[in-house]
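All remarks here apply to the structure that follows.
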Amino acid sequence: SQQGEEDPQALSIQEGENATMNCSYKTSINNLQWYRQNSGRGLVHLILIRSNEREKHSGRLRVTLDTSKKSSSLLITASRAADTASYFCATDASDYKLSFGAGTTVTVRA
Amino acid sequence: NAGVTQTPKFQVLKTGQSMTLQCAQDMNHEYMSWYRQDPGMGLRLIHYSVGAGITDQGEVPNGYNVSRSTTEDFPLRLLSAAPSQTSVYFCASSYRLETGFGGYTFGSGTRLTVV
(Lines give C-alpha, C1' and ligand atoms only; values in the text may rest on other atoms or scores of the structure.)
Protein backbone atom coordinates (compact mmCIF):
# COMPACT_ATOMS: atom_id res chain seq x y z
CA SER A 1 0.00 0.00 0.00
CA GLN A 2 1.17 3.52 -0.73
CA GLN A 3 2.26 5.56 2.25
CA GLY A 4 2.20 8.95 0.55
CA GLU A 5 -0.50 10.64 -1.46
CA GLU A 6 0.17 13.71 -3.58
CA ASP A 7 -2.32 16.46 -4.25
CA PRO A 8 -3.26 17.62 -6.82
CA GLN A 9 -2.94 14.77 -9.31
CA ALA A 10 -2.25 17.27 -12.09
CA LEU A 11 -1.25 20.91 -12.28
CA SER A 12 -0.97 23.26 -15.26
CA ILE A 13 0.76 26.62 -14.86
CA GLN A 14 2.21 29.42 -16.95
CA GLU A 15 5.97 29.78 -17.25
CA GLY A 16 7.24 32.04 -14.48
CA GLU A 17 4.47 31.10 -12.03
CA ASN A 18 5.00 29.08 -8.87
CA ALA A 19 3.87 25.47 -8.54
CA THR A 20 2.85 23.96 -5.22
CA MET A 21 2.07 20.32 -4.55
CA ASN A 22 1.29 18.54 -1.33
CA CYS A 23 1.97 15.12 0.13
CA SER A 24 0.22 13.40 3.00
CA TYR A 25 1.42 10.23 4.68
CA LYS A 26 0.23 7.82 7.33
CA THR A 27 2.98 6.70 9.71
CA SER A 28 5.97 8.23 11.48
CA ILE A 29 9.01 8.70 9.27
CA ASN A 30 12.80 9.06 9.33
CA ASN A 31 12.70 11.39 6.36
CA LEU A 32 10.63 12.41 3.38
CA GLN A 33 12.03 12.75 -0.12
CA TRP A 34 10.86 14.37 -3.35
CA TYR A 35 11.66 13.05 -6.82
CA ARG A 36 11.12 14.23 -10.38
CA GLN A 37 10.42 11.99 -13.36
CA ASN A 38 10.52 13.24 -16.89
CA SER A 39 8.41 11.31 -19.37
CA GLY A 40 9.89 7.89 -20.08
CA ARG A 41 12.88 8.40 -17.79
CA GLY A 42 14.05 7.25 -14.37
CA LEU A 43 13.36 9.19 -11.19
CA VAL A 44 15.76 11.89 -10.06
CA HIS A 45 16.19 12.74 -6.38
CA LEU A 46 15.43 16.41 -5.67
CA ILE A 47 15.53 16.92 -1.94
CA LEU A 48 15.43 15.06 1.37
CA ILE A 49 14.00 16.53 4.55
CA ARG A 50 14.57 14.83 7.88
CA SER A 51 11.79 14.34 10.42
CA ASN A 52 13.33 16.95 12.75
CA GLU A 53 13.48 19.60 10.01
CA ARG A 54 10.61 21.92 9.09
CA GLU A 55 11.83 23.57 5.90
CA LYS A 56 14.54 23.04 3.33
CA HIS A 57 15.62 24.88 0.21
CA SER A 58 17.51 23.80 -2.89
CA GLY A 59 17.75 26.33 -5.71
CA ARG A 60 14.17 27.10 -6.82
CA LEU A 61 12.76 24.31 -4.64
CA ARG A 62 11.32 24.79 -1.19
CA VAL A 63 10.08 21.85 0.87
CA THR A 64 8.20 22.01 4.14
CA LEU A 65 7.40 19.20 6.54
CA ASP A 66 4.75 19.15 9.26
CA THR A 67 5.08 15.90 11.18
CA SER A 68 2.11 16.74 13.42
CA LYS A 69 -0.14 16.81 10.34
CA LYS A 70 1.87 14.14 8.51
CA SER A 71 2.17 16.35 5.46
CA SER A 72 4.76 17.97 3.23
CA SER A 73 4.70 20.48 0.42
CA LEU A 74 6.99 21.13 -2.54
CA LEU A 75 7.12 24.62 -4.01
CA ILE A 76 8.80 25.28 -7.35
CA THR A 77 9.33 29.00 -7.87
CA ALA A 78 9.59 30.81 -11.22
CA SER A 79 8.73 27.68 -13.18
CA ARG A 80 10.30 26.88 -16.53
CA ALA A 81 9.28 24.61 -19.39
CA ALA A 82 11.97 22.19 -18.25
CA ASP A 83 10.08 21.72 -14.96
CA THR A 84 7.35 19.85 -16.85
CA ALA A 85 7.46 16.41 -15.24
CA SER A 86 5.84 14.17 -12.65
CA TYR A 87 6.77 14.79 -9.03
CA PHE A 88 6.67 12.11 -6.35
CA CYS A 89 6.99 12.22 -2.62
CA ALA A 90 8.45 9.20 -0.86
CA THR A 91 8.66 8.34 2.81
CA ASP A 92 11.36 6.43 4.70
CA ALA A 93 9.49 4.92 7.64
CA SER A 94 12.16 2.91 9.52
CA ASP A 95 11.31 -0.32 7.70
CA TYR A 96 13.92 -0.16 4.91
CA LYS A 97 11.15 0.49 2.40
CA LEU A 98 10.89 3.82 0.61
CA SER A 99 7.20 4.20 -0.16
CA PHE A 100 6.06 6.38 -3.09
CA GLY A 101 2.84 8.20 -3.80
CA ALA A 102 1.12 8.20 -7.20
CA GLY A 103 2.63 11.56 -8.13
CA THR A 104 1.62 15.00 -9.36
CA THR A 105 1.92 15.73 -13.08
CA VAL A 106 3.07 19.30 -13.67
CA THR A 107 2.75 20.98 -17.05
CA VAL A 108 4.43 24.36 -17.55
CA ARG A 109 2.97 26.30 -20.49
CA ALA A 110 5.17 28.67 -22.45
CA ASN B 1 30.81 7.29 -12.45
CA ALA B 2 27.97 5.32 -14.08
CA GLY B 3 25.56 5.31 -11.11
CA VAL B 4 22.89 2.60 -11.49
CA THR B 5 22.95 0.62 -14.74
CA GLN B 6 19.99 -1.47 -15.82
CA THR B 7 19.86 -3.88 -18.73
CA PRO B 8 18.04 -4.47 -20.98
CA LYS B 9 16.14 -1.24 -21.66
CA PHE B 10 13.34 -3.03 -23.52
CA GLN B 11 12.17 -6.64 -23.52
CA VAL B 12 9.26 -8.60 -24.94
CA LEU B 13 8.53 -11.98 -23.40
CA LYS B 14 6.03 -14.67 -24.12
CA THR B 15 3.82 -15.90 -21.29
CA GLY B 16 5.66 -18.55 -19.31
CA GLN B 17 9.17 -17.49 -20.30
CA SER B 18 11.70 -16.54 -17.66
CA MET B 19 14.33 -13.83 -17.71
CA THR B 20 16.67 -11.82 -15.52
CA LEU B 21 16.76 -8.05 -15.34
CA GLN B 22 20.25 -6.87 -14.49
CA CYS B 23 21.11 -4.04 -12.11
CA ALA B 24 24.56 -2.83 -11.13
CA GLN B 25 25.73 0.18 -9.12
CA ASP B 26 29.24 1.57 -8.67
CA MET B 27 28.65 3.85 -5.68
CA ASN B 28 29.27 1.23 -2.97
CA HIS B 29 25.70 1.70 -1.75
CA GLU B 30 24.49 -0.77 0.86
CA TYR B 31 20.85 -0.58 -0.06
CA MET B 32 19.35 -1.71 -3.37
CA SER B 33 15.76 -2.21 -4.42
CA TRP B 34 13.51 -3.06 -7.34
CA TYR B 35 10.28 -1.20 -8.13
CA ARG B 36 7.66 -1.58 -10.81
CA GLN B 37 5.76 1.39 -12.17
CA ASP B 38 2.31 1.04 -13.65
CA PRO B 39 0.14 3.91 -14.96
CA GLY B 40 -1.63 5.78 -12.16
CA MET B 41 -0.14 3.61 -9.41
CA GLY B 42 3.19 5.22 -8.65
CA LEU B 43 6.07 2.91 -7.79
CA ARG B 44 5.56 -0.35 -5.93
CA LEU B 45 8.40 -2.11 -4.16
CA ILE B 46 9.10 -5.67 -5.33
CA HIS B 47 12.21 -6.72 -3.37
CA TYR B 48 15.00 -4.97 -1.54
CA SER B 49 18.40 -5.67 -0.02
CA VAL B 50 20.18 -3.93 2.85
CA GLY B 51 23.54 -5.53 2.05
CA ALA B 52 25.27 -8.39 0.30
CA GLY B 53 23.67 -11.70 1.19
CA ILE B 54 20.51 -10.09 2.61
CA THR B 55 17.25 -9.73 0.68
CA ASP B 56 13.63 -9.25 1.67
CA GLN B 57 10.21 -8.89 0.11
CA GLY B 58 8.48 -5.64 -0.67
CA GLU B 59 4.86 -4.93 -1.47
CA VAL B 60 4.47 -7.04 -4.64
CA PRO B 61 7.05 -9.90 -4.54
CA ASN B 62 5.02 -12.73 -6.11
CA GLY B 63 6.49 -14.05 -9.35
CA TYR B 64 9.92 -12.48 -8.75
CA ASN B 65 13.18 -13.64 -7.18
CA VAL B 66 16.30 -11.71 -6.23
CA SER B 67 19.77 -12.40 -4.93
CA ARG B 68 22.59 -10.16 -3.69
CA SER B 69 25.92 -11.97 -3.90
CA THR B 70 27.94 -8.74 -4.21
CA THR B 71 27.45 -5.14 -3.11
CA GLU B 72 27.36 -4.02 -6.75
CA ASP B 73 24.80 -6.35 -8.34
CA PHE B 74 21.12 -6.99 -7.64
CA PRO B 75 19.45 -9.02 -10.43
CA LEU B 76 15.69 -9.52 -10.60
CA ARG B 77 14.42 -12.83 -11.98
CA LEU B 78 10.99 -13.34 -13.46
CA LEU B 79 10.23 -17.00 -12.93
CA SER B 80 7.34 -17.54 -15.37
CA ALA B 81 6.25 -14.33 -17.07
CA ALA B 82 2.58 -13.34 -17.01
CA PRO B 83 0.80 -10.47 -18.80
CA SER B 84 0.22 -8.86 -15.39
CA GLN B 85 3.99 -8.35 -15.16
CA THR B 86 3.94 -5.97 -18.10
CA SER B 87 5.39 -2.84 -16.55
CA VAL B 88 8.37 -0.55 -16.29
CA TYR B 89 10.94 -1.83 -13.80
CA PHE B 90 13.34 0.41 -11.92
CA CYS B 91 16.35 -0.50 -9.85
CA ALA B 92 17.53 1.95 -7.20
CA SER B 93 20.34 2.20 -4.66
CA SER B 94 21.00 4.29 -1.60
CA TYR B 95 23.30 4.83 1.36
CA ARG B 96 22.65 4.69 5.06
CA LEU B 97 22.14 7.83 7.13
CA GLU B 98 22.17 8.13 10.93
CA THR B 99 18.50 7.21 10.73
CA GLY B 100 17.06 5.78 7.56
CA PHE B 101 18.51 6.08 4.08
CA GLY B 102 19.58 8.92 1.82
CA GLY B 103 18.27 9.92 -1.58
CA TYR B 104 17.89 7.06 -4.00
CA THR B 105 19.74 6.84 -7.30
CA PHE B 106 17.55 5.24 -9.95
CA GLY B 107 18.45 3.38 -13.09
CA SER B 108 16.87 4.38 -16.39
CA GLY B 109 14.38 1.50 -16.30
CA THR B 110 13.46 -1.64 -18.21
CA ARG B 111 10.23 -1.57 -20.19
CA LEU B 112 8.88 -5.14 -20.16
CA THR B 113 5.97 -6.41 -22.24
CA VAL B 114 4.59 -9.91 -21.72
CA VAL B 115 2.44 -11.21 -24.57
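Chain labels run A, B, ... following the order of the C-alpha coordinates; each chain numbers its residues from 1, and ligands are numbered from 1 in the order shown.
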
Exercise for review: Write out as a ChimeraX atom specification every residue belonging to chain A that has an atom at most 12 Å from any atom of chain B, counting only C-alpha atoms.
Suggested key: /A:1-6,9-10,29-52,86-105

Point to revise | Backbone-only DSSP, strand (DSSP E) members of chain B, as number ranges by chain | key: B: 4-7, 10-13, 19-25, 31-37, 43-51, 54-57, 64-66, 76-78, 87-94, 105-106, 110-114

Practice item. Excluding range 64-78 of chain B and residues on its chain fewer than 6 positions from it, collect all residues at most 10 Å away from it, counting only C-alpha atoms, and give them as a ChimeraX atom specification. Key: /B:4-7,16-34,46-57,85,89,91-93

Check your understanding: Neighbours of Thr84 in chain A within 6 Å (only C-alpha atoms; same-chain residues fewer than 2 positions away dropped), as a VMD selection string?
Key -> chain A and resid 81 to 82 106 to 108

Practice item. Work out how far CA of Ala110 in chain A is from CA of Pro8 in chain A, in Å to one decimal. Key: 20.9 Å

**Study point:** Distance in Å - CA of Tyr25 in chain A versus CA of Lys69 in chain A
**Key:**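 The value is 8.8 Å.
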
Point to revise | CA of Ser87 in chain B to CA of Leu74 in chain A, distance in Å rounded to a single decimal | key: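 Pair CA of Ser87 in chain B / CA of Leu74 in chain A returns 27.8 Å.
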